[in-house]
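Contents: one structure, followed by commentary.
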Amino acid sequence: MDHYVRSKTWISNQHGGEILSTRTDGKGGNFAYSSEEKQAWQSDPASYIEYRKGLELELQTLYSKTQTSSALQASSRAQYQADMERRLKDKPELLGDLLPDFPPLCKRLTPGPGYLEALTSPKVNVITTGIDAIEETGVVTSCGTHRAVDAIICATGFETNPGGGFPIIGRHGVNLREKYSERPETYLGISTNGFPNFFQSLGPNSFQGAGSLLITMEQVHTYVAEIISRMAYDNIGLVEPKGSQVRNFTRFCDKYFERTVYSAECASWYKSSPPGSSLEERKRGRVTALWPGSSLHALKALQKVRWEDYDLHSYDGNDFGWFGNGWVMDEQKHHIDSAALIGYLDRTEFVDEVDTNSPHDA
């Protein structure tokens, strides 16, 4: 088998530490929990939660790895290199073809359980020379060599540029894809000016390079739900982030990533550059995929809507439309619901309880 490698990258097993290593004999990848474990967790849900918390805590304490000068970045780099050397011990010459010079996490880590071990097989030829042409009978590399093949399997990647995808038309007929293609700018990765009532999950500068992506996606949905709820009950028909705050967030992102490994020179889908850019320009492109902080930071930042960062307009031109008609709905129901009408009498939290053991109350 001929295996063509286009570029170098860091290859490391998934997170999970000793648990993952023990369960997979150091190979990484997925594994199956035993029926006994599942039964034990079903009988004792609290122990299952504790197990999940242990895994989550490890994931959430690794963000300093993304900072260029951090001790964790340095130790991780040494650990990853040692692991690649160990897994390539049967063909040590391959290390020079695969080990990159940019720091880990500059581009997304490649887990690849069993991949490096497969490359050391005597049945595999690793070819790093660029491909010039595909002919009827084989592959021709830039050095002029023709290698016969029976079948070709292509791994060409996928489109991640924020300027790609189906058209989304905003104010004045502007296509969001065209706006994003030159310089993707958003407010918190969720919305952008010129596109009222448009909110997106995993937009520019919202992805997690290190940390939990799922919890940030859930928080985004809660955030958008809060906006929709206010629109429904406060007579609001249009919500749009202020252009100044879109620009402020984008400038913050650019400044923030200067101190991270993401800004090192590497060909990464975390970055984007104008159409037609050269490979070297793309390596130095703006980091437009990632959130400027940890996933825990994202949870805090998206905990509540900062309404002062948005322009709001009423649904029907009545800016006081939220006020209603002077009645509350419970007053107009046919059957009186005392709990709904005078439930305020149940509120006693404003009354301080007297602590008879306190000397100040004596």
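By order of appearance in the structure tokens: chains A, B, ..., then residues from 1 within every chain, and ligands from 1 in the order shown.
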I want to know what sits within 6 Å of stretch 108-119 of chain A, based on only C-alpha atoms, with residues of the same chain fewer than 2 positions away left out; could you give that as a PDB file with N, CA and C atoms, in the first residue's frame?
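Final output, saved to result.pdb:
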```pdb
ATOM      1  N   TRP A  10       0.683  16.947  14.392  1.00  0.00           N
ATOM      2  CA  TRP A  10       0.819  16.266  15.681  1.00  0.00           C
ATOM      3  C   TRP A  10      -0.248  15.192  15.787  1.00  0.00           C
ATOM      4  N   ILE A  11       0.178  13.978  16.097  1.00  0.00           N
ATOM      5  CA  ILE A  11      -0.740  12.854  16.211  1.00  0.00           C
ATOM      6  C   ILE A  11      -0.694  12.360  17.652  1.00  0.00           C
ATOM      7  N   SER A  12      -1.805  12.465  18.325  1.00  0.00           N
ATOM      8  CA  SER A  12      -1.866  12.091  19.738  1.00  0.00           C
ATOM      9  C   SER A  12      -3.189  11.415  20.027  1.00  0.00           C
ATOM     10  N   ASN A  13      -3.185  10.488  20.951  1.00  0.00           N
ATOM     11  CA  ASN A  13      -4.429   9.847  21.364  1.00  0.00           C
ATOM     12  C   ASN A  13      -5.338  10.858  22.051  1.00  0.00           C
ATOM     13  N   GLN A  14      -6.626  10.526  22.099  1.00  0.00           N
ATOM     14  CA  GLN A  14      -7.596  11.425  22.703  1.00  0.00           C
ATOM     15  C   GLN A  14      -7.297  11.639  24.180  1.00  0.00           C
ATOM     16  N   LYS A  27      -3.330   2.236  23.262  1.00  0.00           N
ATOM     17  CA  LYS A  27      -3.543   2.516  21.839  1.00  0.00           C
ATOM     18  C   LYS A  27      -4.501   3.680  21.601  1.00  0.00           C
ATOM     19  N   GLY A  28      -5.289   4.029  22.582  1.00  0.00           N
ATOM     20  CA  GLY A  28      -6.265   5.088  22.394  1.00  0.00           C
ATOM     21  C   GLY A  28      -7.487   4.585  21.641  1.00  0.00           C
ATOM     22  N   GLY A  29      -8.368   5.497  21.265  1.00  0.00           N
ATOM     23  CA  GLY A  29      -9.582   5.107  20.562  1.00  0.00           C
ATOM     24  C   GLY A  29     -10.727   4.834  21.513  1.00  0.00           C
ATOM     25  N   ARG A  87       5.687   5.165  19.048  1.00  0.00           N
ATOM     26  CA  ARG A  87       4.785   4.450  18.144  1.00  0.00           C
ATOM     27  C   ARG A  87       5.407   4.215  16.762  1.00  0.00           C
ATOM     28  N   LEU A 105      -1.626  21.950  18.837  1.00  0.00           N
ATOM     29  CA  LEU A 105      -2.880  22.686  18.872  1.00  0.00           C
ATOM     30  C   LEU A 105      -2.903  23.879  17.933  1.00  0.00           C
ATOM     31  N   SER A 121       4.163  -0.755   9.237  1.00  0.00           N
ATOM     32  CA  SER A 121       4.039  -2.075   8.615  1.00  0.00           C
ATOM     33  C   SER A 121       4.941  -2.161   7.382  1.00  0.00           C
ATOM     34  N   VAL A 124       3.466  -1.072   3.990  1.00  0.00           N
ATOM     35  CA  VAL A 124       3.055   0.306   3.739  1.00  0.00           C
ATOM     36  C   VAL A 124       4.257   1.157   3.325  1.00  0.00           C
TER      37      VAL A 124
END
```
| Who sits within 6 Å of stretch 150-164 of chain A, only C-alpha atoms, same chain under 6 positions skipped, as a list of chain:residue names |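 Skipping anything fewer than 6 positions along the chain leaves A:Arg177, A:Tyr180, A:Ser181.
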File of the preceding selection, N, CA, C and O atoms, as a PDB file, in the first residue's frame:
```pdb
ATOM      1  N   ARG A 177     -22.382  35.027   3.195  1.00  0.00           N
ATOM      2  CA  ARG A 177     -21.205  34.276   2.780  1.00  0.00           C
ATOM      3  C   ARG A 177     -20.159  35.196   2.162  1.00  0.00           C
ATOM      4  O   ARG A 177     -18.960  35.002   2.344  1.00  0.00           O
ATOM      5  N   TYR A 180     -18.582  37.196   5.037  1.00  0.00           N
ATOM      6  CA  TYR A 180     -17.648  36.375   5.794  1.00  0.00           C
ATOM      7  C   TYR A 180     -16.399  35.999   4.997  1.00  0.00           C
ATOM      8  O   TYR A 180     -15.357  35.692   5.568  1.00  0.00           O
ATOM      9  N   SER A 181     -16.488  35.989   3.677  1.00  0.00           N
ATOM     10  CA  SER A 181     -15.373  35.509   2.870  1.00  0.00           C
ATOM     11  C   SER A 181     -14.146  36.411   2.963  1.00  0.00           C
ATOM     12  O   SER A 181     -13.009  35.947   2.868  1.00  0.00           O
TER      13      SER A 181
END
```
| query | Can you tell me, as a list in words, what residues are no more than 8 Å from A:Gly285 when counting only C-alpha atoms, ignoring any on the same chain fewer than 3 positions away? | reply |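 Near A:Gly285, the qualifying residues are Lys271, Ser272, Ser273, Glu281 and Arg282 of chain A.
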Excluding A:Phe207 and its own-chain neighbours fewer than 4 positions away, which residues fall within 10 Å of it when counting only C-alpha atoms? Please give them as a short mmCIF file (atom, residue, chain, number, x, y, z; two decimals) with C-alpha atoms, in the first residue's frame.
```cif
data_model
loop_
_atom_site.label_atom_id
_atom_site.label_comp_id
_atom_site.auth_asym_id
_atom_site.auth_seq_id
_atom_site.Cartn_x
_atom_site.Cartn_y
_atom_site.Cartn_z
CA GLY A 189 -19.76 34.21 17.35
CA SER A 201 -24.47 28.16 16.46
CA LEU A 202 -20.78 27.55 15.69
CA GLY A 203 -20.36 30.74 13.73
CA GLY A 211 -12.29 22.24 26.19
CA SER A 212 -15.88 21.08 25.96
CA LEU A 213 -17.67 22.15 22.78
CA LEU A 214 -21.01 20.60 23.73
CA THR A 216 -20.83 25.93 24.86
CA MET A 217 -23.28 24.91 22.13
CA TYR A 270 -9.02 27.45 12.49
CA THR A 288 -11.65 32.95 12.83
CA ALA A 289 -12.99 29.60 13.99
CA LEU A 290 -12.15 29.67 17.69
CA TRP A 291 -13.65 31.30 20.74
CA PRO A 292 -11.15 33.67 22.41
CA SER A 295 -15.15 26.80 27.29
#
```
| message | Would you pick out the contacts of A:Gln219 at 9 Å or less, using only C-alpha atoms, so that residues sharing its chain but fewer than 6 positions from it are not included, and give the list as a count of residues only? | response | 4
| message | Using only C-alpha atoms for the distances, tell me which of A:Arg52, A:Lys91, A:Arg147, A:Lys38 is nearest to A:Pro122. | response |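 Answer, going by the shortest atom-to-atom distance: A:Lys91.
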Compile the contact shell of stretch 310-326 of chain A as a tab-separated table (two decimals) with all heavy atoms, in the first residue's frame: residues with an atom at most 9 Å away, counting only C-alpha atoms, same-chain residues fewer than 6 positions apart removed.
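Printed below is out_1.tsv as written:
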```tsv
chain	number	residue	atom	x	y	z
A	231	MET	N	-38.41	38.74	22.73
A	231	MET	CA	-39.10	39.20	21.53
A	231	MET	C	-40.59	38.84	21.60
A	231	MET	O	-41.45	39.64	21.23
A	231	MET	CB	-38.47	38.56	20.29
A	231	MET	CG	-37.05	39.03	19.99
A	231	MET	SD	-36.34	38.23	18.53
A	231	MET	CE	-37.27	39.03	17.22
A	233	TYR	N	-42.50	38.33	24.31
A	233	TYR	CA	-43.29	38.92	25.38
A	233	TYR	C	-43.10	40.42	25.54
A	233	TYR	O	-43.84	41.06	26.28
A	233	TYR	CB	-42.94	38.23	26.71
A	233	TYR	CG	-43.41	36.80	26.76
A	233	TYR	CD1	-42.52	35.75	26.56
A	233	TYR	CD2	-44.75	36.49	26.97
A	233	TYR	CE1	-42.95	34.42	26.58
A	233	TYR	CE2	-45.19	35.19	27.00
A	233	TYR	CZ	-44.29	34.16	26.80
A	233	TYR	OH	-44.73	32.84	26.83
A	234	ASP	N	-42.13	41.01	24.82
A	234	ASP	CA	-41.89	42.45	24.96
A	234	ASP	C	-42.16	43.22	23.68
A	234	ASP	O	-41.67	44.33	23.49
A	234	ASP	CB	-40.45	42.71	25.42
A	234	ASP	CG	-40.28	42.49	26.91
A	234	ASP	OD1	-41.26	42.05	27.55
A	234	ASP	OD2	-39.20	42.76	27.45
A	235	ASN	N	-42.93	42.63	22.76
A	235	ASN	CA	-43.33	43.32	21.54
A	235	ASN	C	-42.13	43.77	20.70
A	235	ASN	O	-42.14	44.83	20.08
A	235	ASN	CB	-44.20	44.54	21.88
A	235	ASN	CG	-44.97	45.05	20.68
A	235	ASN	OD1	-45.55	44.28	19.93
A	235	ASN	ND2	-44.96	46.37	20.49
A	236	ILE	N	-41.09	42.95	20.67
A	236	ILE	CA	-39.88	43.28	19.90
A	236	ILE	C	-39.89	42.51	18.59
A	236	ILE	O	-40.08	41.30	18.57
A	236	ILE	CB	-38.62	42.95	20.71
A	236	ILE	CG1	-38.55	43.85	21.95
A	236	ILE	CG2	-37.36	43.13	19.86
A	236	ILE	CD1	-37.43	43.50	22.90
A	237	GLY	N	-39.70	43.22	17.50
A	237	GLY	CA	-39.72	42.57	16.19
A	237	GLY	C	-38.37	42.46	15.53
A	237	GLY	O	-38.19	41.73	14.56
A	238	LEU	N	-37.37	43.20	16.05
A	238	LEU	CA	-36.06	43.18	15.42
A	238	LEU	C	-34.96	43.29	16.47
A	238	LEU	O	-35.00	44.18	17.32
A	238	LEU	CB	-35.95	44.33	14.42
A	238	LEU	CG	-34.70	44.42	13.55
A	238	LEU	CD1	-35.03	45.05	12.20
A	238	LEU	CD2	-33.60	45.25	14.23
A	239	VAL	N	-34.01	42.37	16.41
A	239	VAL	CA	-32.85	42.37	17.30
A	239	VAL	C	-31.60	42.25	16.43
A	239	VAL	O	-31.49	41.33	15.62
A	239	VAL	CB	-32.89	41.19	18.29
A	239	VAL	CG1	-31.65	41.20	19.17
A	239	VAL	CG2	-34.15	41.24	19.14
A	240	GLU	N	-30.70	43.19	16.59
A	240	GLU	CA	-29.49	43.20	15.77
A	240	GLU	C	-28.31	43.71	16.59
A	240	GLU	O	-28.44	44.74	17.27
A	240	GLU	CB	-29.70	44.09	14.54
A	240	GLU	CG	-28.49	44.17	13.62
A	240	GLU	CD	-28.74	45.11	12.45
A	240	GLU	OE1	-29.90	45.54	12.28
A	240	GLU	OE2	-27.78	45.42	11.72
A	241	PRO	N	-27.16	43.03	16.56
A	241	PRO	CA	-26.02	43.53	17.32
A	241	PRO	C	-25.50	44.84	16.74
A	241	PRO	O	-25.54	45.05	15.51
A	241	PRO	CB	-24.98	42.42	17.16
A	241	PRO	CG	-25.32	41.77	15.86
A	241	PRO	CD	-26.83	41.81	15.79
A	242	LYS	N	-25.07	45.73	17.59
A	242	LYS	CA	-24.52	46.99	17.13
A	242	LYS	C	-23.22	46.75	16.37
A	242	LYS	O	-22.40	45.93	16.78
A	242	LYS	CB	-24.27	47.92	18.31
A	242	LYS	CG	-25.54	48.34	19.04
A	242	LYS	CD	-25.22	49.21	20.24
A	242	LYS	CE	-26.51	49.64	20.96
A	242	LYS	NZ	-26.21	50.44	22.18
A	243	GLY	N	-23.04	47.48	15.28
A	243	GLY	CA	-21.83	47.32	14.49
A	243	GLY	C	-20.58	47.57	15.29
A	243	GLY	O	-19.55	46.92	15.10
A	245	GLN	N	-20.05	46.89	18.43
A	245	GLN	CA	-19.73	45.74	19.27
A	245	GLN	C	-19.26	44.54	18.44
A	245	GLN	O	-18.48	43.73	18.91
A	245	GLN	CB	-20.94	45.37	20.13
A	245	GLN	CG	-21.26	46.39	21.20
A	245	GLN	CD	-20.10	46.64	22.15
A	245	GLN	OE1	-19.09	47.25	21.79
A	245	GLN	NE2	-20.23	46.13	23.37
```
| query | Which is closer to A:Tyr80 than all the others in A:Leu99, A:Leu55, A:Leu188, A:Leu62, using only C-alpha atoms? | reply | A:Leu99
| task | Kindly indicate which residue among A:Thr186, A:Ser263, A:Phe31, A:Asn193 lies nearest to A:Val174, using only C-alpha atoms for the distances. | result |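 For A:Val174, the nearest of the given residues is A:Asn193.
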| message | Could you pull out the strand (DSSP E) residues of stretch 106-320 of chain A, going by DSSP on the backbone, and write them as a ChimeraX atom specification? | response | /A:125-127,131-134,138-141,146-148,236-241,271-272,286-287,310-314
